[in-house]
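Read the structure below first, then the notes.
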Amino acid sequence: MLGMHKCSPTFLNRTISRWWPKLCSSANINSIRKMSSGDSPDKTFPGFGTAAIHEGQEPEQWKSMALVPPISLSTTFKQRGPGDCPGGYDYSRAGNPTRDGLEKCFAAVEGGKYGLSFSSGLAATMSICNLLNAGDHIISMDDVYGGTNRYFQRILGNLGVTTSFVDATSIEKLSADMTPKTKMVWIETPTNPLLRMVDIAAVVAVARKQKDVIVVIDNTFATPYFQRPLDFGADMTMSSATKYINGHGDVVMGMVALNNKELYERLKFIQFAGGACPSAFDCFLVNRGLKTLHIRMKEHGKNALIVAKHLKSHPRVRSVIYPGLPDHPQYELYKRQMKGFSGMVTFNMKGTLENATKFLQAVKVFTLAESLGGFESLVDHPALMTHASVPPEQRKELGIDDTLIRLSVGLEDVDDIVADLDQALKAAVPDDLL
């Protein structure tokens, strides 16, 4: 159809076997990983790095045989005759070679058949929600990104789509809020900023008791390197590629992976007709970032675990939240559902907002800024920054208070990261509060 370009689905196993047939058995890959990774804390998905580097990147698709996919900046493409598009493209909003390569690659690392990219994470959220109609109902995890909360309440609510915010760590509570009008369940796991875990398979089981309920998992904090929601039956997994997927703090983008062809075609049409598609140059940058995701996530996870353990015993810290710590409330679910965790650490420091402000102003290696998932360490005050748009009463109920600090632990030397936290905490919390 004019204006629509079909991407042929590709699979992770096909990717592996195309380049290294002798290595594509899980036993061989795991054996090599044990020899090369030493005490690596994660046991991730076999062939992940191979897929991230090669899927959708085949030089044979370009006349130049370029090893690095070129940036196709053209907005339009020559046709032989009206509607006769020899290359499969007519207009870049409908399809673009650079974007297609990224979408295939993302689908592969998420374990999906289809991938789609959008101009931001919230553009992906908006496009997914355009699958709904006025009168429909969403069940959302109560502890979600502030922008998601704001969109559900202040935009979708005005369009006749209602949202119930539920503590989905309790499957009983989620099940109790299901109604005949429920058409979507939206889950973050781990959540932002409280790093709570939700049992994806259990959520899917509840949703499947009704017809046509779409289960969407926001996988931004975990990334497909550590968690693949489609493996647990979710209909879609979405990520703010702005964060870990790109990993370099220079692109705003959202991505979605899924297996259902009918859902893919509907969402692809929304991408085309709604126009929330990313530029070819941004796709090139994210595609490049994706090539090192598996390397970066290992280091983010190692550094964050060291930081979490250090803060756990710190006299100026009241509590620490990190899924990889045995005292996390959903630690057993974490071990069952994930292969490790990223660089996100949340903690409550002792004192008040005044002490928290002093801490945020005293950090030197960390930068006080919105966002997360880049190579540099960032620190955030959720109540005043990323979750300021969440109603105060909801923040209080969730436990997002004035001393809650969210860390995005970067790739700097971990001794420098720990030393920076120590000096900032010492500067912010006096001895009489210990």
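Please note that chains go A, B, ... in the order of the structure tokens, that every chain numbers its residues from 1, and that ligands are numbered from 1 in the order shown.
For Arg395 (chain A), the set of protein, DNA and RNA residues having any atom at most 10 Å away, when counting only C-alpha atoms and skipping those fewer than 4 positions along the same chain, is Asp142, Asp143, Pro382, Ala383, His387, Ala388, Ser389, Val390, Pro391, Gly399, Ile400 and Asp401 of chain A.
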Would you save the residues of that selection, restricted to N, CA, C and O atoms, as a JSON list (two decimals), in the first residue's frame?
[["chain", "number", "residue", "atom", "x", "y", "z"],
["A", 142, "ASP", "N", 0.82, 1.85, 39.98],
["A", 142, "ASP", "CA", 0.73, 3.17, 40.62],
["A", 142, "ASP", "C", 2.07, 3.89, 40.63],
["A", 142, "ASP", "O", 2.13, 5.12, 40.53],
["A", 143, "ASP", "N", 3.15, 3.15, 40.71],
["A", 143, "ASP", "CA", 4.49, 3.72, 40.76],
["A", 143, "ASP", "C", 5.07, 3.70, 39.35],
["A", 143, "ASP", "O", 5.74, 2.75, 38.95],
["A", 382, "PRO", "N", 13.22, 12.89, 42.85],
["A", 382, "PRO", "CA", 11.94, 12.60, 42.19],
["A", 382, "PRO", "C", 10.80, 13.54, 42.58],
["A", 382, "PRO", "O", 10.03, 13.98, 41.71],
["A", 383, "ALA", "N", 10.67, 13.86, 43.86],
["A", 383, "ALA", "CA", 9.53, 14.67, 44.30],
["A", 383, "ALA", "C", 9.52, 16.05, 43.67],
["A", 383, "ALA", "O", 8.44, 16.63, 43.43],
["A", 387, "HIS", "N", 9.07, 13.42, 39.11],
["A", 387, "HIS", "CA", 7.71, 13.05, 39.53],
["A", 387, "HIS", "C", 6.96, 14.23, 40.14],
["A", 387, "HIS", "O", 5.98, 14.04, 40.86],
["A", 388, "ALA", "N", 7.41, 15.43, 39.82],
["A", 388, "ALA", "CA", 6.73, 16.63, 40.34],
["A", 388, "ALA", "C", 5.30, 16.73, 39.82],
["A", 388, "ALA", "O", 4.43, 17.33, 40.48],
["A", 389, "SER", "N", 5.04, 16.14, 38.64],
["A", 389, "SER", "CA", 3.69, 16.22, 38.06],
["A", 389, "SER", "C", 2.73, 15.20, 38.67],
["A", 389, "SER", "O", 1.52, 15.27, 38.43],
["A", 390, "VAL", "N", 3.25, 14.27, 39.46],
["A", 390, "VAL", "CA", 2.38, 13.32, 40.16],
["A", 390, "VAL", "C", 1.69, 14.07, 41.31],
["A", 390, "VAL", "O", 2.36, 14.79, 42.06],
["A", 391, "PRO", "N", 0.37, 13.95, 41.46],
["A", 391, "PRO", "CA", -0.32, 14.66, 42.53],
["A", 391, "PRO", "C", 0.33, 14.41, 43.89],
["A", 391, "PRO", "O", 0.73, 13.28, 44.19],
["A", 399, "GLY", "N", 5.27, 6.94, 48.82],
["A", 399, "GLY", "CA", 6.52, 7.02, 49.57],
["A", 399, "GLY", "C", 7.59, 7.82, 48.86],
["A", 399, "GLY", "O", 8.78, 7.70, 49.16],
["A", 400, "ILE", "N", 7.17, 8.65, 47.88],
["A", 400, "ILE", "CA", 8.12, 9.54, 47.19],
["A", 400, "ILE", "C", 8.19, 10.82, 48.01],
["A", 400, "ILE", "O", 7.47, 11.79, 47.77],
["A", 401, "ASP", "N", 9.08, 10.82, 49.02],
["A", 401, "ASP", "CA", 9.13, 11.94, 49.95],
["A", 401, "ASP", "C", 10.34, 12.84, 49.67],
["A", 401, "ASP", "O", 11.08, 12.65, 48.71]]
Non-local contacts of His328 (chain A) (12 Å; only C-alpha atoms; under 2 positions in same chain excluded) as a ChimeraX atom specification
/A:190,194-197,308,312,319-326,330-335,345-346
Let's see if you can do this: from backbone DSSP, list all alpha helix (DSSP H) residues in region 54-233 of chain A, as a ChimeraX atom specification.
/A:54,97-109,121-129,146-150,171-177,200-207,223-226
Quick one: residues within 9 Å of Ser175 (chain A), only C-alpha atoms, excluding same-chain residues fewer than 3 positions away - as an MDAnalysis selection string?
chainID A and resid 168 170:172 178:179 203 206:207
Got a sec: who's within 10 Å of Leu67 (chain A), counting only C-alpha atoms, leaving out chain neighbours fewer than 3 positions off, as JSON, numbers by chain?
{"A": [54, 57, 58, 59, 60, 62, 64, 70]}
Preceding selection exported with N, CA and C atoms as a PDB file, in the first residue's frame:
ATOM      1  N   HIS A  54      24.617  -7.378  14.809  1.00  0.00           N
ATOM      2  CA  HIS A  54      24.417  -7.786  13.420  1.00  0.00           C
ATOM      3  C   HIS A  54      22.990  -7.734  12.890  1.00  0.00           C
ATOM      4  N   GLN A  57      21.562  -5.267  10.132  1.00  0.00           N
ATOM      5  CA  GLN A  57      22.711  -4.481   9.693  1.00  0.00           C
ATOM      6  C   GLN A  57      23.407  -5.092   8.469  1.00  0.00           C
ATOM      7  N   GLU A  58      22.797  -6.073   7.816  1.00  0.00           N
ATOM      8  CA  GLU A  58      23.435  -6.830   6.747  1.00  0.00           C
ATOM      9  C   GLU A  58      23.952  -5.910   5.629  1.00  0.00           C
ATOM     10  N   PRO A  59      25.248  -5.941   5.321  1.00  0.00           N
ATOM     11  CA  PRO A  59      25.796  -5.087   4.253  1.00  0.00           C
ATOM     12  C   PRO A  59      25.149  -5.344   2.895  1.00  0.00           C
ATOM     13  N   GLU A  60      24.646  -6.567   2.687  1.00  0.00           N
ATOM     14  CA  GLU A  60      24.063  -6.916   1.389  1.00  0.00           C
ATOM     15  C   GLU A  60      22.826  -6.097   1.041  1.00  0.00           C
ATOM     16  N   TRP A  62      22.631  -2.949   1.085  1.00  0.00           N
ATOM     17  CA  TRP A  62      23.046  -1.689   0.482  1.00  0.00           C
ATOM     18  C   TRP A  62      23.870  -1.963  -0.776  1.00  0.00           C
ATOM     19  N   SER A  64      26.255  -0.267  -1.776  1.00  0.00           N
ATOM     20  CA  SER A  64      27.653   0.023  -1.435  1.00  0.00           C
ATOM     21  C   SER A  64      28.292  -1.081  -0.603  1.00  0.00           C
ATOM     22  N   PRO A  70      24.178   3.135   6.410  1.00  0.00           N
ATOM     23  CA  PRO A  70      24.230   4.564   6.103  1.00  0.00           C
ATOM     24  C   PRO A  70      23.031   5.310   6.682  1.00  0.00           C
TER      25      PRO A  70
END
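Near region 74-83 of chain A, within 12 Å and counting only C-alpha atoms, sit Met1, Leu2, Gly3, Met4, Pro70, Ile71, Pro86, Gly87, Gly88, Tyr89, Asp90, Tyr91, Ser92, Arg93, Ala94, Gly95, Asn96, Pro97, Thr98, Ser279, Ala280 and Phe281 of chain A, not including residues fewer than 3 positions from it in the same chain.
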Strand (DSSP E or B) residues, from DSSP on the backbone, in region 156-212 of chain A, as a list in words
Thr162, Thr163, Ser164, Phe165, Val166, Thr182, Lys183, Met184, Val185, Trp186, Ile187 and Glu188 of chain A
Output C-alpha atoms for every residue in that selection, as a compact mmCIF listing (two decimals), in the first residue's frame.
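Printed below is part_39.txt as written:
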# COMPACT_ATOMS: atom_id res chain seq x y z
CA THR A 162 -10.02 6.32 32.35
CA THR A 163 -7.07 5.00 34.35
CA SER A 164 -6.90 3.21 37.69
CA PHE A 165 -3.51 3.37 39.42
CA VAL A 166 -3.01 0.10 41.26
CA THR A 182 -10.48 -2.65 30.88
CA LYS A 183 -8.59 -2.83 27.58
CA MET A 184 -5.00 -2.23 28.64
CA VAL A 185 -2.74 -3.08 31.58
CA TRP A 186 0.34 -0.84 31.79
CA ILE A 187 3.19 -2.01 34.00
CA GLU A 188 6.66 -0.72 34.81
